[in-house]
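K.L.:
Contents of model-v4.pdb (PDB, C-alpha atoms):
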```
ATOM      1  CA  ASP M   1     -15.441  -2.568   4.310  1.00  0.00           C
ATOM      2  CA  ALA M   2     -16.611  -2.023   0.788  1.00  0.00           C
ATOM      3  CA  LYS M   3     -15.254  -4.480  -1.752  1.00  0.00           C
ATOM      4  CA  THR M   4     -13.806  -2.951  -4.894  1.00  0.00           C
ATOM      5  CA  THR M   5     -13.703  -4.548  -8.336  1.00  0.00           C
ATOM      6  CA  GLN M   6     -11.229  -3.535 -11.024  1.00  0.00           C
ATOM      7  CA  PRO M   7     -10.372  -4.997 -14.419  1.00  0.00           C
ATOM      8  CA  PRO M   8      -7.153  -7.022 -14.161  1.00  0.00           C
ATOM      9  CA  SER M   9      -5.427  -5.227 -17.018  1.00  0.00           C
ATOM     10  CA  MET M  10      -5.727  -2.356 -19.473  1.00  0.00           C
ATOM     11  CA  ASP M  11      -3.683  -0.857 -22.271  1.00  0.00           C
ATOM     12  CA  CYS M  12      -3.357   2.779 -23.217  1.00  0.00           C
ATOM     13  CA  ALA M  13      -1.530   4.595 -25.992  1.00  0.00           C
ATOM     14  CA  GLU M  14       1.140   7.043 -24.934  1.00  0.00           C
ATOM     15  CA  GLY M  15      -0.186  10.600 -24.859  1.00  0.00           C
ATOM     16  CA  ARG M  16      -3.781   9.519 -24.620  1.00  0.00           C
ATOM     17  CA  ALA M  17      -5.971   9.634 -21.527  1.00  0.00           C
ATOM     18  CA  ALA M  18      -6.053   6.492 -19.410  1.00  0.00           C
ATOM     19  CA  ASN M  19      -9.411   5.860 -17.769  1.00  0.00           C
ATOM     20  CA  LEU M  20      -9.294   3.245 -15.015  1.00  0.00           C
ATOM     21  CA  PRO M  21     -12.657   2.109 -13.659  1.00  0.00           C
ATOM     22  CA  CYS M  22     -13.462   0.850 -10.197  1.00  0.00           C
ATOM     23  CA  ASN M  23     -16.693  -0.600  -8.919  1.00  0.00           C
ATOM     24  CA  HIS M  24     -17.566  -0.185  -5.226  1.00  0.00           C
ATOM     25  CA  SER M  25     -21.282  -0.823  -5.182  1.00  0.00           C
ATOM     26  CA  THR M  26     -21.406  -1.558  -1.439  1.00  0.00           C
ATOM     27  CA  ILE M  27     -19.581   1.578  -0.371  1.00  0.00           C
ATOM     28  CA  SER M  28     -20.951   3.233   2.741  1.00  0.00           C
ATOM     29  CA  GLY M  29     -21.532   6.937   3.206  1.00  0.00           C
ATOM     30  CA  ASN M  30     -18.405   7.558   5.227  1.00  0.00           C
ATOM     31  CA  GLU M  31     -15.983   5.569   3.096  1.00  0.00           C
ATOM     32  CA  TYR M  32     -13.503   7.408   0.936  1.00  0.00           C
ATOM     33  CA  VAL M  33     -12.233   6.173  -2.412  1.00  0.00           C
ATOM     34  CA  TYR M  34      -8.433   6.081  -2.594  1.00  0.00           C
ATOM     35  CA  TRP M  35      -6.176   5.379  -5.543  1.00  0.00           C
ATOM     36  CA  TYR M  36      -2.594   4.196  -5.280  1.00  0.00           C
ATOM     37  CA  ARG M  37      -0.215   2.820  -7.862  1.00  0.00           C
ATOM     38  CA  GLN M  38       2.819   0.573  -7.740  1.00  0.00           C
ATOM     39  CA  ILE M  39       5.503   0.832 -10.347  1.00  0.00           C
ATOM     40  CA  HIS M  40       7.386  -2.426 -10.803  1.00  0.00           C
ATOM     41  CA  SER M  41       8.630  -3.501  -7.364  1.00  0.00           C
ATOM     42  CA  GLN M  42       8.655  -0.084  -5.723  1.00  0.00           C
ATOM     43  CA  GLY M  43       6.461   0.807  -2.760  1.00  0.00           C
ATOM     44  CA  PRO M  44       2.904   1.908  -3.569  1.00  0.00           C
ATOM     45  CA  GLN M  45       2.457   5.598  -4.304  1.00  0.00           C
ATOM     46  CA  TYR M  46      -0.581   7.666  -3.355  1.00  0.00           C
ATOM     47  CA  ILE M  47      -2.397   9.266  -6.286  1.00  0.00           C
ATOM     48  CA  ILE M  48      -5.670  10.801  -5.148  1.00  0.00           C
ATOM     49  CA  HIS M  49      -8.712  10.292  -2.958  1.00  0.00           C
ATOM     50  CA  GLY M  50     -12.269  11.575  -2.713  1.00  0.00           C
ATOM     51  CA  LEU M  51     -15.568  11.185  -0.924  1.00  0.00           C
ATOM     52  CA  LYS M  52     -18.362  12.562  -3.091  1.00  0.00           C
ATOM     53  CA  ASN M  53     -17.042  15.289  -5.315  1.00  0.00           C
ATOM     54  CA  ASN M  54     -14.760  14.907  -8.267  1.00  0.00           C
ATOM     55  CA  GLU M  55     -11.160  15.641  -7.432  1.00  0.00           C
ATOM     56  CA  THR M  56      -8.138  16.735  -9.429  1.00  0.00           C
ATOM     57  CA  ASN M  57      -4.491  17.105  -8.581  1.00  0.00           C
ATOM     58  CA  GLU M  58      -1.250  17.318 -10.505  1.00  0.00           C
ATOM     59  CA  MET M  59      -1.222  13.593 -11.160  1.00  0.00           C
ATOM     60  CA  ALA M  60      -4.788  12.651 -11.991  1.00  0.00           C
ATOM     61  CA  SER M  61      -8.518  13.275 -11.798  1.00  0.00           C
ATOM     62  CA  LEU M  62     -11.023  11.205  -9.866  1.00  0.00           C
ATOM     63  CA  ILE M  63     -14.596  11.026 -11.068  1.00  0.00           C
ATOM     64  CA  ILE M  64     -17.093   9.533  -8.610  1.00  0.00           C
ATOM     65  CA  THR M  65     -20.616   8.741  -9.774  1.00  0.00           C
ATOM     66  CA  GLU M  66     -23.474  10.455  -8.025  1.00  0.00           C
ATOM     67  CA  ASP M  67     -24.575   7.237  -6.319  1.00  0.00           C
ATOM     68  CA  ARG M  68     -20.924   6.617  -5.366  1.00  0.00           C
ATOM     69  CA  LYS M  69     -21.084   3.032  -6.563  1.00  0.00           C
ATOM     70  CA  SER M  70     -18.266   3.460  -9.018  1.00  0.00           C
ATOM     71  CA  SER M  71     -15.427   5.771  -9.867  1.00  0.00           C
ATOM     72  CA  THR M  72     -12.896   6.412 -12.613  1.00  0.00           C
ATOM     73  CA  LEU M  73      -9.307   7.465 -12.291  1.00  0.00           C
ATOM     74  CA  ILE M  74      -8.154   9.546 -15.231  1.00  0.00           C
ATOM     75  CA  LEU M  75      -4.536  10.062 -16.205  1.00  0.00           C
ATOM     76  CA  PRO M  76      -4.960  12.843 -18.762  1.00  0.00           C
ATOM     77  CA  HIS M  77      -1.838  12.276 -20.843  1.00  0.00           C
ATOM     78  CA  ALA M  78      -0.383   8.868 -20.100  1.00  0.00           C
ATOM     79  CA  THR M  79       3.348   8.352 -20.445  1.00  0.00           C
ATOM     80  CA  LEU M  80       5.416   5.193 -20.455  1.00  0.00           C
ATOM     81  CA  ARG M  81       6.318   5.917 -16.828  1.00  0.00           C
ATOM     82  CA  ASP M  82       2.659   5.538 -15.882  1.00  0.00           C
ATOM     83  CA  THR M  83       2.882   1.803 -16.568  1.00  0.00           C
ATOM     84  CA  ALA M  84       2.050   0.317 -13.175  1.00  0.00           C
ATOM     85  CA  VAL M  85      -0.522  -1.564 -11.121  1.00  0.00           C
ATOM     86  CA  TYR M  86      -3.296   0.783  -9.976  1.00  0.00           C
ATOM     87  CA  TYR M  87      -5.224   0.039  -6.790  1.00  0.00           C
ATOM     88  CA  CYS M  88      -8.660   1.358  -5.898  1.00  0.00           C
ATOM     89  CA  ILE M  89      -9.514   1.158  -2.190  1.00  0.00           C
ATOM     90  CA  ALA M  90     -12.685   2.111  -0.313  1.00  0.00           C
ATOM     91  CA  ARG M  91     -12.014   2.787   3.360  1.00  0.00           C
ATOM     92  CA  VAL M  92     -13.268   4.845   6.241  1.00  0.00           C
ATOM     93  CA  PHE M  93      -9.898   5.381   7.813  1.00  0.00           C
ATOM     94  CA  TYR M  94      -6.849   6.214   5.771  1.00  0.00           C
ATOM     95  CA  ASN M  95      -4.779   4.421   8.327  1.00  0.00           C
ATOM     96  CA  ASP M  96      -6.027   0.961   7.450  1.00  0.00           C
ATOM     97  CA  MET M  97      -5.420   0.416   3.750  1.00  0.00           C
ATOM     98  CA  ARG M  98      -6.226  -3.012   2.332  1.00  0.00           C
ATOM     99  CA  PHE M  99      -5.040  -3.518  -1.229  1.00  0.00           C
ATOM    100  CA  GLY M 100      -6.763  -5.789  -3.755  1.00  0.00           C
ATOM    101  CA  ALA M 101      -5.373  -7.135  -7.006  1.00  0.00           C
ATOM    102  CA  GLY M 102      -5.561  -3.810  -8.848  1.00  0.00           C
ATOM    103  CA  THR M 103      -5.419  -3.049 -12.575  1.00  0.00           C
ATOM    104  CA  ARG M 104      -2.203  -3.500 -14.461  1.00  0.00           C
ATOM    105  CA  LEU M 105      -1.999  -0.531 -16.840  1.00  0.00           C
ATOM    106  CA  THR M 106       0.404  -0.806 -19.743  1.00  0.00           C
ATOM    107  CA  VAL M 107       1.133   2.388 -21.643  1.00  0.00           C
ATOM    108  CA  LYS M 108       2.334   1.609 -25.151  1.00  0.00           C
ATOM    109  CA  PRO M 109       4.346   3.839 -27.493  1.00  0.00           C
TER     110      PRO M 109
ATOM    111  CA  ASP Y 110      12.762  14.554   4.802  1.00  0.00           C
ATOM    112  CA  ALA Y 111      14.322  11.380   3.400  1.00  0.00           C
ATOM    113  CA  GLY Y 112      11.046   9.513   3.351  1.00  0.00           C
ATOM    114  CA  VAL Y 113      10.403   6.151   4.958  1.00  0.00           C
ATOM    115  CA  ILE Y 114      13.677   4.283   5.347  1.00  0.00           C
ATOM    116  CA  GLN Y 115      13.920   0.508   5.393  1.00  0.00           C
ATOM    117  CA  SER Y 116      16.876  -1.743   5.955  1.00  0.00           C
ATOM    118  CA  PRO Y 117      18.216  -3.970   4.693  1.00  0.00           C
ATOM    119  CA  ARG Y 118      17.004  -3.620   1.094  1.00  0.00           C
ATOM    120  CA  HIS Y 119      17.776  -7.258   0.395  1.00  0.00           C
ATOM    121  CA  GLU Y 120      18.130 -10.151   2.793  1.00  0.00           C
ATOM    122  CA  VAL Y 121      18.987 -13.731   1.974  1.00  0.00           C
ATOM    123  CA  THR Y 122      18.938 -16.218   4.800  1.00  0.00           C
ATOM    124  CA  GLU Y 123      18.557 -19.893   5.446  1.00  0.00           C
ATOM    125  CA  MET Y 124      15.517 -21.597   6.839  1.00  0.00           C
ATOM    126  CA  GLY Y 125      15.441 -21.527  10.605  1.00  0.00           C
ATOM    127  CA  GLN Y 126      17.415 -18.333  10.977  1.00  0.00           C
ATOM    128  CA  GLU Y 127      16.098 -15.209  12.670  1.00  0.00           C
ATOM    129  CA  VAL Y 128      15.407 -12.257  10.413  1.00  0.00           C
ATOM    130  CA  THR Y 129      14.965  -8.661  11.555  1.00  0.00           C
ATOM    131  CA  LEU Y 130      13.641  -5.982   9.240  1.00  0.00           C
ATOM    132  CA  ARG Y 131      13.931  -2.330  10.193  1.00  0.00           C
ATOM    133  CA  CYS Y 132      11.923   0.775   9.452  1.00  0.00           C
ATOM    134  CA  LYS Y 133      12.305   4.455  10.178  1.00  0.00           C
ATOM    135  CA  PRO Y 134       9.073   6.358   9.515  1.00  0.00           C
ATOM    136  CA  ILE Y 135       8.847   9.949   8.373  1.00  0.00           C
ATOM    137  CA  SER Y 136       9.445  12.310  11.263  1.00  0.00           C
ATOM    138  CA  GLY Y 137       6.182  13.465  12.807  1.00  0.00           C
ATOM    139  CA  HIS Y 138       4.122  10.583  11.463  1.00  0.00           C
ATOM    140  CA  ASP Y 139       2.172   8.848  14.210  1.00  0.00           C
ATOM    141  CA  TYR Y 140       0.988   5.764  12.281  1.00  0.00           C
ATOM    142  CA  LEU Y 141       3.280   3.019  11.042  1.00  0.00           C
ATOM    143  CA  PHE Y 142       2.319  -0.006   8.947  1.00  0.00           C
ATOM    144  CA  TRP Y 143       3.983  -3.231   7.916  1.00  0.00           C
ATOM    145  CA  TYR Y 144       2.906  -4.918   4.666  1.00  0.00           C
ATOM    146  CA  ARG Y 145       3.996  -8.062   2.887  1.00  0.00           C
ATOM    147  CA  GLN Y 146       3.765  -8.564  -0.866  1.00  0.00           C
ATOM    148  CA  THR Y 147       3.936 -11.822  -2.797  1.00  0.00           C
ATOM    149  CA  MET Y 148       2.836 -12.804  -6.267  1.00  0.00           C
ATOM    150  CA  MET Y 149       0.262 -15.198  -4.876  1.00  0.00           C
ATOM    151  CA  ARG Y 150      -1.310 -13.054  -2.171  1.00  0.00           C
ATOM    152  CA  GLY Y 151      -0.640  -9.517  -3.337  1.00  0.00           C
ATOM    153  CA  LEU Y 152      -0.131  -6.738  -0.798  1.00  0.00           C
ATOM    154  CA  GLU Y 153      -1.201  -7.730   2.707  1.00  0.00           C
ATOM    155  CA  LEU Y 154      -1.384  -5.545   5.797  1.00  0.00           C
ATOM    156  CA  LEU Y 155       0.403  -7.333   8.640  1.00  0.00           C
ATOM    157  CA  ILE Y 156       0.203  -4.882  11.544  1.00  0.00           C
ATOM    158  CA  TYR Y 157      -0.039  -1.198  12.268  1.00  0.00           C
ATOM    159  CA  PHE Y 158       0.902   1.084  15.146  1.00  0.00           C
ATOM    160  CA  ASN Y 159      -0.447   4.381  16.381  1.00  0.00           C
ATOM    161  CA  ASN Y 160       1.814   6.412  18.655  1.00  0.00           C
ATOM    162  CA  ASN Y 161       4.071   3.349  19.038  1.00  0.00           C
ATOM    163  CA  VAL Y 162       1.198   1.142  20.216  1.00  0.00           C
ATOM    164  CA  PRO Y 163       0.109  -1.859  18.112  1.00  0.00           C
ATOM    165  CA  ILE Y 164      -3.485  -1.317  17.037  1.00  0.00           C
ATOM    166  CA  ASP Y 165      -4.277  -4.228  14.741  1.00  0.00           C
ATOM    167  CA  ASP Y 166      -2.060  -7.267  14.309  1.00  0.00           C
ATOM    168  CA  SER Y 167      -4.714  -9.523  12.802  1.00  0.00           C
ATOM    169  CA  GLY Y 168      -2.713  -9.762   9.601  1.00  0.00           C
ATOM    170  CA  MET Y 169       0.346 -11.264  11.253  1.00  0.00           C
ATOM    171  CA  PRO Y 170       0.470 -14.774   9.805  1.00  0.00           C
ATOM    172  CA  GLU Y 171       1.601 -16.672  12.884  1.00  0.00           C
ATOM    173  CA  ASP Y 172       3.542 -16.541  16.100  1.00  0.00           C
ATOM    174  CA  ARG Y 173       6.830 -16.661  14.264  1.00  0.00           C
ATOM    175  CA  PHE Y 174       6.209 -13.042  13.318  1.00  0.00           C
ATOM    176  CA  SER Y 175       6.543 -10.212  15.813  1.00  0.00           C
ATOM    177  CA  ALA Y 176       6.728  -6.442  15.479  1.00  0.00           C
ATOM    178  CA  LYS Y 177       7.822  -3.737  17.850  1.00  0.00           C
ATOM    179  CA  MET Y 178       7.973   0.014  17.879  1.00  0.00           C
ATOM    180  CA  PRO Y 179      10.118   1.111  20.823  1.00  0.00           C
ATOM    181  CA  ASN Y 180       9.948   4.775  19.858  1.00  0.00           C
ATOM    182  CA  ALA Y 181       8.436   7.092  17.294  1.00  0.00           C
ATOM    183  CA  SER Y 182      11.353   6.808  14.910  1.00  0.00           C
ATOM    184  CA  PHE Y 183      11.994   3.087  14.757  1.00  0.00           C
ATOM    185  CA  SER Y 184      10.173  -0.187  14.218  1.00  0.00           C
ATOM    186  CA  THR Y 185      11.221  -3.778  13.655  1.00  0.00           C
ATOM    187  CA  LEU Y 186       9.556  -6.809  12.140  1.00  0.00           C
ATOM    188  CA  LYS Y 187      11.103 -10.050  13.276  1.00  0.00           C
ATOM    189  CA  ILE Y 188      10.644 -13.552  11.910  1.00  0.00           C
ATOM    190  CA  GLN Y 189      11.910 -16.398  14.063  1.00  0.00           C
ATOM    191  CA  PRO Y 190      12.399 -19.042  12.797  1.00  0.00           C
ATOM    192  CA  SER Y 191      12.187 -18.087   9.137  1.00  0.00           C
ATOM    193  CA  GLU Y 192      10.737 -20.423   6.506  1.00  0.00           C
ATOM    194  CA  PRO Y 193      10.939 -20.427   2.702  1.00  0.00           C
ATOM    195  CA  ARG Y 194       7.281 -19.378   2.458  1.00  0.00           C
ATOM    196  CA  ASP Y 195       8.195 -16.132   4.212  1.00  0.00           C
ATOM    197  CA  SER Y 196      10.041 -15.045   1.089  1.00  0.00           C
ATOM    198  CA  ALA Y 197       8.422 -11.798  -0.019  1.00  0.00           C
ATOM    199  CA  VAL Y 198       8.893  -8.053  -0.228  1.00  0.00           C
ATOM    200  CA  TYR Y 199       8.132  -6.363   3.072  1.00  0.00           C
ATOM    201  CA  PHE Y 200       7.048  -2.735   3.007  1.00  0.00           C
ATOM    202  CA  CYS Y 201       6.852  -0.237   5.801  1.00  0.00           C
ATOM    203  CA  ALA Y 202       4.608   2.839   5.499  1.00  0.00           C
ATOM    204  CA  SER Y 203       3.749   5.817   7.661  1.00  0.00           C
ATOM    205  CA  ILE Y 204       1.166   8.578   7.839  1.00  0.00           C
ATOM    206  CA  THR Y 205       0.282  11.416  10.132  1.00  0.00           C
ATOM    207  CA  GLY Y 206      -3.144  11.532  11.649  1.00  0.00           C
ATOM    208  CA  ALA Y 207      -3.122  15.261  11.164  1.00  0.00           C
ATOM    209  CA  SER Y 208      -2.476  15.033   7.436  1.00  0.00           C
ATOM    210  CA  ALA Y 209      -5.087  16.707   5.321  1.00  0.00           C
ATOM    211  CA  GLY Y 210      -3.877  14.747   2.342  1.00  0.00           C
ATOM    212  CA  ASN Y 211      -4.356  11.352   3.935  1.00  0.00           C
ATOM    213  CA  GLU Y 212      -1.391  10.113   1.978  1.00  0.00           C
ATOM    214  CA  GLN Y 213       0.318   6.982   3.190  1.00  0.00           C
ATOM    215  CA  PHE Y 214       4.030   7.053   2.381  1.00  0.00           C
ATOM    216  CA  PHE Y 215       5.716   3.756   1.616  1.00  0.00           C
ATOM    217  CA  GLY Y 216       9.334   2.790   1.986  1.00  0.00           C
ATOM    218  CA  PRO Y 217      11.338   1.079  -0.780  1.00  0.00           C
ATOM    219  CA  GLY Y 218      10.783  -2.356   0.736  1.00  0.00           C
ATOM    220  CA  THR Y 219      12.984  -5.224   1.903  1.00  0.00           C
ATOM    221  CA  ARG Y 220      13.198  -8.206  -0.411  1.00  0.00           C
ATOM    222  CA  LEU Y 221      13.525 -11.292   1.780  1.00  0.00           C
ATOM    223  CA  THR Y 222      14.626 -14.647   0.411  1.00  0.00           C
ATOM    224  CA  VAL Y 223      14.603 -17.634   2.724  1.00  0.00           C
ATOM    225  CA  LEU Y 224      16.435 -20.635   1.298  1.00  0.00           C
TER     226      LEU Y 224
END
```
Output the file's structure in the form of structure tokens.
P.N.:
Amino acid sequence: DAKTTQPPSMDCAEGRAANLPCNHSTISGNEYVYWYRQIHSQGPQYIIHGLKNNETNEMASLIITEDRKSSTLILPHATLRDTAVYYCIARVFYNDMRFGAGTRLTVKP
Amino acid sequence: DAGVIQSPRHEVTEMGQEVTLRCKPISGHDYLFWYRQTMMRGLELLIYFNNNVPIDDSGMPEDRFSAKMPNASFSTLKIQPSEPRDSAVYFCASITGASAGNEQFFGPGTRLTVL
């Protein structure tokens, strides 16, 4: 399983884009990159996932480098409700998620 | 669908007592997971089932912990006897193997306090 590295914390101004980096330099060719977030003490919430191509959905965009060794989750217009811990996970099977420490994102007014 | 349902939401018990946590996955989901979250250890995968069969229980901390899934709509996580270090939030999650979105849905969690 590829190990992922994320900064422990980040701040972002409300209304601005939040760019959360993740390093997964040992990722294998069949491992997907998943992003989840956890708001306060709620259960984790799926955000997005991708393999090689950049992905976008209603919540966020995922940019994966060409060598797939790192990725960036982009929240285009962060709001106070986006304050949460964001987890980046590299896995082959979606049914075996292992969560690391994540990045604590604080969106400030 | 109501999402993944867990009960109770809060449980306070005394050391040595048996604790049973319950989970109802989303209808049609064939994978079910149990996680534990603490400040010290973060979110840990304890065990997961596929079609009611335990697939990987390597995360179960010790023999005091056991999990069952008697049918597709119900699972339990039991701790007997409970200890103060078992205090944590326990999450249940489910997913369907046929899901194109590969999204794992989590329940609201059970906050367990063992005194």
K.L.:
Name the residues within 10 Å of (6.3, 5.9, -21.8), counting all atoms listed in the file in the file's coordinates, and put them as a list in words.
P.N.:
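Here is the list of nearby residues: Ala13, Glu14, Gly15, Ala78, Thr79, Leu80, Arg81, Asp82, Thr83, Thr106, Val107, Lys108 and Pro109 of chain M.
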K.L.:
Hey, can you spit out that residue selection with C-alpha atoms as a PDB file, in the coordinates of the input?
P.N.:
```pdb
ATOM      1  CA  ALA M  13      -1.530   4.595 -25.992  1.00  0.00           C
ATOM      2  CA  GLU M  14       1.140   7.043 -24.934  1.00  0.00           C
ATOM      3  CA  GLY M  15      -0.186  10.600 -24.859  1.00  0.00           C
ATOM      4  CA  ALA M  78      -0.383   8.868 -20.100  1.00  0.00           C
ATOM      5  CA  THR M  79       3.348   8.352 -20.445  1.00  0.00           C
ATOM      6  CA  LEU M  80       5.416   5.193 -20.455  1.00  0.00           C
ATOM      7  CA  ARG M  81       6.318   5.917 -16.828  1.00  0.00           C
ATOM      8  CA  ASP M  82       2.659   5.538 -15.882  1.00  0.00           C
ATOM      9  CA  THR M  83       2.882   1.803 -16.568  1.00  0.00           C
ATOM     10  CA  THR M 106       0.404  -0.806 -19.743  1.00  0.00           C
ATOM     11  CA  VAL M 107       1.133   2.388 -21.643  1.00  0.00           C
ATOM     12  CA  LYS M 108       2.334   1.609 -25.151  1.00  0.00           C
ATOM     13  CA  PRO M 109       4.346   3.839 -27.493  1.00  0.00           C
TER      14      PRO M 109
END
```
K.L.:
Any chance you could work out the residue set of the ChimeraX specification (/M :<12) & /Y here, as a PyMOL selection string?
P.N.:
chain Y and resi 112-115+118+138-159+164-168+197-220
K.L.:
Using all atoms listed in the file, which protein or nucleic acid residues come within 8 Å of Ala17 (chain M)? Drop anything in the same chain fewer than 4 positions from it, and give the result as an mmCIF file with C-alpha atoms, keeping the file's coordinate frame.
P.N.:
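The result, stored in selection-v9.cif:
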```cif
data_model
loop_
_atom_site.group_PDB
_atom_site.id
_atom_site.type_symbol
_atom_site.label_atom_id
_atom_site.label_comp_id
_atom_site.auth_asym_id
_atom_site.auth_seq_id
_atom_site.Cartn_x
_atom_site.Cartn_y
_atom_site.Cartn_z
ATOM 1 C CA CYS M 12 -3.357 2.779 -23.217
ATOM 2 C CA ILE M 74 -8.154 9.546 -15.231
ATOM 3 C CA LEU M 75 -4.536 10.062 -16.205
ATOM 4 C CA PRO M 76 -4.960 12.843 -18.762
ATOM 5 C CA HIS M 77 -1.838 12.276 -20.843
ATOM 6 C CA ALA M 78 -0.383 8.868 -20.100
#
```
K.L.:
Quick one: everything within 8 Å of Tyr86 (chain M), counting only C-alpha atoms, minus sequence neighbours fewer than 6 positions away in the same chain. Send it as a list of chain:residue names.
P.N.:
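Answer for this query is M:Trp35, M:Tyr36, M:Arg37, M:Gln38, M:Gly102, M:Thr103, M:Arg104, M:Leu105.
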K.L.:
What is the CA of Thr222 (chain Y) to CA of Pro170 (chain Y) distance in Å?
P.N.:
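If I compute the distance from CA of Thr222 (chain Y) to CA of Pro170 (chain Y), I get 17.0 Å.
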K.L.:
Evaluating the PyMOL selection byres ((chain M and resi 23) around 9) on the displayed file yields which residues, as a PyMOL selection string?
P.N.:
chain M and resi 3-6+21-22+24-26+69-72+88
K.L.:
Given the PyMOL selection byres ((chain Y and resi 223) around 8) and the file above, list the residues it selects as a count of residues only.
P.N.:
13
K.L.:
Take CA of Ala60 (chain M) and CA of Pro7 (chain M) and report the distance between them in Å, one decimal.
P.N.:
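Between CA of Ala60 (chain M) and CA of Pro7 (chain M) the gap is 18.7 Å.
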